[in-house]
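Undergrad: The structure file upload35.txt (compact mmCIF, C-alpha atoms) is provided below.
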# COMPACT_ATOMS: atom_id res chain seq x y z
CA TRP A 467 0.00 0.00 0.00
CA ASP A 468 2.79 2.42 0.81
CA ALA A 469 4.50 1.82 -2.56
CA TRP A 470 1.17 2.15 -4.39
CA LEU A 471 0.40 5.48 -2.73
CA LYS A 472 3.90 6.85 -3.33
CA HIS A 473 3.77 5.83 -7.01
CA ALA A 474 0.31 7.33 -7.46
CA PHE A 475 1.30 10.62 -5.83
CA LEU A 476 4.78 10.97 -7.28
CA VAL A 477 4.71 9.35 -10.73
CA GLU A 478 1.06 9.37 -11.79
CA LYS A 479 0.37 12.77 -10.15
CA ARG A 480 -2.95 11.49 -8.82
CA THR A 481 -4.89 13.43 -6.20
CA PRO A 482 -6.22 11.93 -2.96
CA GLU A 483 -9.75 12.49 -4.27
CA GLU A 484 -9.04 10.47 -7.43
CA LEU A 485 -7.46 7.62 -5.53
CA LEU A 486 -10.25 7.51 -2.97
CA ALA A 487 -12.87 7.26 -5.73
CA GLU A 488 -11.14 4.11 -7.01
CA PHE A 489 -10.33 2.63 -3.63
CA PRO A 490 -12.08 -0.67 -2.79
CA ARG A 491 -15.13 -0.11 -0.69
CA ALA A 492 -15.03 -1.65 2.77
CA PRO A 493 -16.36 -5.26 2.69
CA PRO A 494 -18.74 -6.61 5.33
CA VAL A 495 -17.62 -6.45 8.95
CA GLU A 496 -16.42 -10.05 9.09
CA GLY A 497 -14.01 -9.36 6.20
CA ARG A 498 -13.39 -5.68 6.76
CA LEU A 499 -10.29 -3.95 5.46
CA ARG A 500 -7.46 -4.31 7.94
CA GLY A 501 -3.88 -3.25 8.53
CA ARG A 502 -2.11 -1.00 6.04
CA GLY A 503 -5.04 -1.12 3.62
CA ALA A 504 -7.33 0.40 6.24
CA GLU A 505 -4.67 2.99 7.04
CA ALA A 506 -4.33 3.88 3.34
CA ARG A 507 -8.05 4.44 3.00
CA ARG A 508 -8.14 6.52 6.19
CA LEU A 509 -5.23 8.63 4.96
CA LEU A 510 -6.94 9.31 1.62
CA GLU A 511 -10.18 10.27 3.38
CA LEU A 512 -8.33 12.76 5.57
CA LEU A 513 -6.31 14.25 2.70
CA ALA A 514 -9.37 14.50 0.46
CA GLY A 515 -11.21 16.35 3.23
CA GLY A 516 -8.72 19.20 2.95
CA ALA A 517 -8.19 19.62 6.69
CA PRO A 518 -4.81 19.14 8.35
CA LEU A 519 -3.91 15.53 9.06
CA ARG A 520 -3.95 15.05 12.83
CA ILE A 521 -2.66 11.79 14.32
CA ASN A 522 -3.11 10.72 17.93
CA CYS A 523 0.19 8.89 18.39
CA GLY A 524 -0.36 5.54 20.06
CA GLY A 525 -4.06 6.30 20.55
CA GLN A 526 -7.51 6.16 18.99
CA THR A 527 -9.72 8.53 17.01
CA PHE A 528 -11.25 11.40 18.98
CA ARG A 529 -12.56 14.95 18.63
CA ASP A 530 -10.93 17.64 20.79
CA GLU A 531 -12.58 20.51 22.64
CA SER A 532 -12.30 22.82 19.62
CA GLY A 533 -14.07 20.28 17.39
CA GLN A 534 -10.95 19.15 15.52
CA SER A 535 -10.84 15.49 14.57
CA TRP A 536 -7.77 13.40 15.41
CA SER A 537 -7.13 10.09 13.65
CA ARG A 538 -6.07 6.93 15.37
CA ASP A 539 -2.38 6.15 14.99
CA ILE A 540 -1.56 5.40 11.33
CA PHE A 541 1.61 4.88 9.26
CA PHE A 542 3.90 4.46 12.24
CA CYS A 543 6.95 2.32 11.54
CA GLY A 544 7.43 0.73 14.93
CA GLY A 545 7.94 1.59 18.54
CA GLN A 546 6.10 0.90 21.76
CA VAL A 547 2.73 2.34 22.77
CA TRP A 548 2.27 3.42 26.36
CA TYR A 549 -1.01 4.50 27.93
CA LEU A 550 -1.08 6.91 30.86
CA LYS A 551 -3.35 5.63 33.61
CA GLY A 552 -3.65 8.92 35.46
CA PRO A 553 -2.25 12.45 35.75
CA GLU A 554 1.15 12.80 37.35
CA GLU A 555 0.09 15.79 39.37
CA PRO A 556 -3.32 16.03 41.14
CA GLY A 557 -4.10 19.32 39.40
CA SER A 558 -2.97 18.27 35.93
CA ARG A 559 -6.18 18.93 34.04
CA GLU A 560 -4.40 18.65 30.68
CA LEU A 561 -3.44 15.02 31.21
CA ARG A 562 -6.84 14.12 32.61
CA ASP A 563 -9.00 15.69 29.92
CA ASP A 564 -7.00 15.56 26.66
CA PRO A 565 -7.17 12.13 24.94
CA MET A 566 -4.09 12.97 22.84
CA LEU A 567 -2.01 13.17 26.00
CA ARG A 568 -3.22 9.84 27.35
CA SER A 569 -0.98 7.82 25.05
CA ILE A 570 2.51 8.13 23.59
CA LEU A 571 4.56 6.27 20.99
CA TRP A 572 8.12 5.50 21.99
CA GLN A 573 10.90 5.45 19.38
CA PRO A 574 12.08 2.01 18.19
CA HIS A 575 15.39 0.53 19.32
CA PRO A 576 18.13 3.18 19.09
CA ALA A 577 20.67 0.85 17.47
CA ARG A 578 18.60 0.73 14.28
CA ARG A 579 18.15 3.92 12.27
CA LEU A 580 14.52 3.81 11.20
CA PRO A 581 11.86 6.51 10.90
CA ILE A 582 9.17 6.50 13.55
CA TYR A 583 6.64 7.62 10.88
CA ALA A 584 6.65 7.27 7.08
CA ILE A 585 3.48 8.89 5.69
CA PRO A 586 2.71 8.87 1.93
CA LEU A 587 1.88 12.39 0.76
CA PRO A 588 1.54 14.25 -2.55
CA PRO A 589 4.66 16.32 -3.32
CA GLY A 590 4.52 19.82 -1.91
CA GLY A 591 5.14 21.97 1.14
CA TYR A 592 3.83 20.95 4.55
CA ARG A 593 3.77 22.40 8.06
CA VAL A 594 4.57 19.63 10.55
CA THR A 595 3.73 20.10 14.24
CA LEU A 596 4.93 17.65 16.89
CA HIS A 597 3.21 17.38 20.27
CA PHE A 598 4.91 15.98 23.35
CA ASN A 599 3.82 14.88 26.80
CA ASP A 600 6.93 15.13 28.91
CA THR A 601 5.95 16.67 32.24
CA ARG A 602 6.56 13.32 33.91
CA ARG A 603 9.10 13.39 36.74
CA SER A 604 9.41 9.64 37.06
CA PRO A 605 12.65 8.56 35.28
CA GLU A 606 11.00 5.76 33.31
CA TRP A 607 8.66 8.27 31.64
CA LYS A 608 11.21 10.89 30.64
CA ALA A 609 11.63 11.32 26.87
CA GLY A 610 15.20 12.52 27.31
CA VAL A 611 17.27 14.31 24.68
CA PHE A 612 17.07 13.64 20.95
CA ASP A 613 17.53 15.13 17.49
CA ILE A 614 14.44 15.71 15.33
CA VAL A 615 15.05 14.61 11.74
CA ILE A 616 12.44 15.27 9.03
CA GLU A 617 12.99 14.22 5.44
CA ASP A 618 16.61 13.26 6.25
CA GLU A 619 17.35 16.78 7.51
CA THR A 620 18.11 17.49 11.16
CA ARG A 621 15.66 20.21 12.15
CA ARG A 622 16.43 20.40 15.89
CA GLU A 623 19.52 19.13 17.68
CA ARG A 624 19.52 17.84 21.25
CA PHE A 625 15.86 18.63 21.75
CA GLU A 626 14.58 18.07 25.29
CA PRO A 627 10.79 18.55 25.59
CA SER A 628 10.80 18.86 29.39
CA ALA A 629 13.69 21.34 29.63
CA ALA A 630 11.58 24.51 29.43
CA ALA A 631 8.22 23.00 30.34
CA GLY A 632 8.56 22.60 34.11
CA ASN A 633 5.24 21.25 35.32
CA SER A 634 3.43 22.49 32.20
CA LEU A 635 3.06 20.71 28.89
CA PRO A 636 5.92 21.33 26.42
CA ASP A 637 5.19 23.70 23.56
CA PRO A 638 4.66 21.96 20.21
CA ALA A 639 7.60 21.96 17.80
CA THR A 640 6.64 23.20 14.32
CA PHE A 641 8.62 22.92 11.09
CA ASP A 642 7.90 23.66 7.43
CA VAL A 643 9.19 20.95 5.12
CA GLN A 644 9.23 20.10 1.44
CA VAL A 645 8.16 16.58 0.43
CA ASP A 646 9.53 15.64 -3.00
CA ASP A 647 9.67 11.84 -2.80
CA GLY A 648 6.02 11.05 -2.08
CA GLU A 649 6.57 10.24 1.59
CA LEU A 650 7.12 12.26 4.76
CA ASN A 651 9.69 10.64 7.07
CA LEU A 652 10.02 11.57 10.74
CA GLU A 653 12.89 10.25 12.82
CA PHE A 654 14.19 10.84 16.33
CA LEU A 655 17.89 10.26 17.04
CA ARG A 656 18.38 9.37 20.69
CA ARG A 657 21.03 11.42 22.54
CA SER A 658 20.44 10.24 26.12
CA SER A 659 19.63 7.08 28.05
CA HIS A 660 15.87 7.66 27.66
CA ARG A 661 13.90 6.78 24.54
CA PRO A 662 12.24 9.65 22.59
CA SER A 663 8.46 9.71 22.48
CA ILE A 664 5.67 11.65 20.76
CA ALA A 665 2.02 12.25 21.71
CA GLY A 666 0.56 13.89 18.61
CA LEU A 667 1.41 14.78 15.01
CA GLU A 668 -0.19 17.41 12.75
CA ILE A 669 0.54 17.79 9.04
CA GLU A 670 -0.90 20.75 7.12
CA HIS A 671 -0.48 21.23 3.38
CA LEU A 672 0.91 24.66 2.49
CA PRO A 673 -0.43 26.32 -0.67
CA GLU A 674 2.14 27.46 -3.18
CA GLY A 675 3.53 30.88 -2.42
CA VAL A 676 3.25 30.58 1.35
CA GLN A 677 6.50 31.64 2.98
CA LYS A 678 7.94 28.68 4.84
CA ARG A 679 9.51 28.88 8.26
CA ARG A 680 12.28 26.81 9.80
What is this file in structure tokens?
TA:
Amino acid sequence: WDAWLKHAFLVEKRTPEELLAEFPRAPPVEGRLRGRGAEARRLLELLAGGAPLRINCGGQTFRDESGQSWSRDIFFCGGQVWYLKGPEEPGSRELRDDPMLRSILWQPHPARRLPIYAIPLPPGGYRVTLHFNDTRRSPEWKAGVFDIVIEDETRRERFEPSAAAGNSLPDPATFDVQVDDGELNLEFLRRSSHRPSIAGLEIEHLPEGVQKRR
């Protein structure tokens, strides 16, 4: 499915709307589309809708307080899902009420250099926003220090989500990127003893002419 989407976007110059119109309709429940095929269809539905692609890393589909829809985790390449059973601090309303912050996806084994996400996309400019949940004081929860690599380019070195957050949630990290190969790759390079993790991922297509930011 990944190769089919990349070829359709990159070589055939097909739009998500065109691909979705030809995509197999979901069969009955007992034989429903599963795995990467289901993820491919979900991706096309989101892209065809025109809204930013929002992924709840390690979690399920939900709608946030502002009415924005977040997809269940799709097109991740590996890692370990961890669910938070309760807020770290008694007054931590963010952790208690925000479904996106109730799960995280940990980076795969550091000895192997693999992307944590590889998402087929039509060529073009995109604004990528990464959300983190790293207010945890317990050592086993800490995301540690890592480099953020997008499309094989290091966009932030020795990033530490909790460094400036204190007891608040870390600010999202936002980058504008150019996708020319039909697939957006996101990778974390571990620089400490703790594994990097991510709570949410947003990808917004940038119209031509929009000034990009680093």
Undergrad: For His597 (chain A), work out the shell of residues within 7 Å, counting all atoms listed in the file and skipping chain neighbours fewer than 5 positions away, then give it as a ChimeraX atom specification.
TA: /A:638-639,664-667
Undergrad: CA of Phe542 (chain A) to CA of Gly610 (chain A): how many Å, to one decimal?
TA: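 For CA of Phe542 (chain A) relative to CA of Gly610 (chain A), the distance reads 20.5 Å.
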Undergrad: Could you pull the residues within 6 Å of region 613-626 of chain A, counting all atoms listed in the file, minus those fewer than 4 positions along the same chain, as a PyMOL selection string?
TA: chain A and resi 651-655
Undergrad: Can you list, as an MDAnalysis selection string, every protein, DNA or RNA residue that comes within 10 Å of Gly516 (chain A) when you count only C-alpha atoms, leaving out same-chain residues fewer than 2 positions away?
TA: chainID A and resid 482:483 511:514 518:519 670:671
Undergrad: Provide the CA of Pro588 (chain A) to CA of Asp642 (chain A) distance in Å, to one decimal place.
TA: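 Pair CA of Pro588 (chain A) / CA of Asp642 (chain A) returns 15.1 Å.
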Undergrad: Could the centre and edge lengths of an axis-aligned box, enclosing all atoms of region 525-529 of chain A in the file with 5 Å extra on each side, be given in Å to one decimal as lines of an AutoDock Vina configuration file?
TA:
center_x = -8.3
center_y = 10.6
center_z = 18.8
size_x = 18.5
size_y = 18.8
size_z = 13.5
Undergrad: Just the number, please: distance in Å from CA of Asn599 (chain A) to CA of Asp637 (chain A), one decimal.
TA: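 Calculated distance between CA of Asn599 (chain A) and CA of Asp637 (chain A) is 9.5 Å.
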Undergrad: Between A:Ser628, A:Thr481, A:Gln546, A:Ser537, which one has atoms that come closest to Ile521 (chain A), using only C-alpha atoms?
TA: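 Result for the nearest residue to Ile521 (chain A): A:Ser537.
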Undergrad: Between A:Gln534, A:Ser663, A:Thr595, A:Gln526, which is the closest to Ile582 (chain A) once you count only C-alpha atoms?
TA: A:Ser663
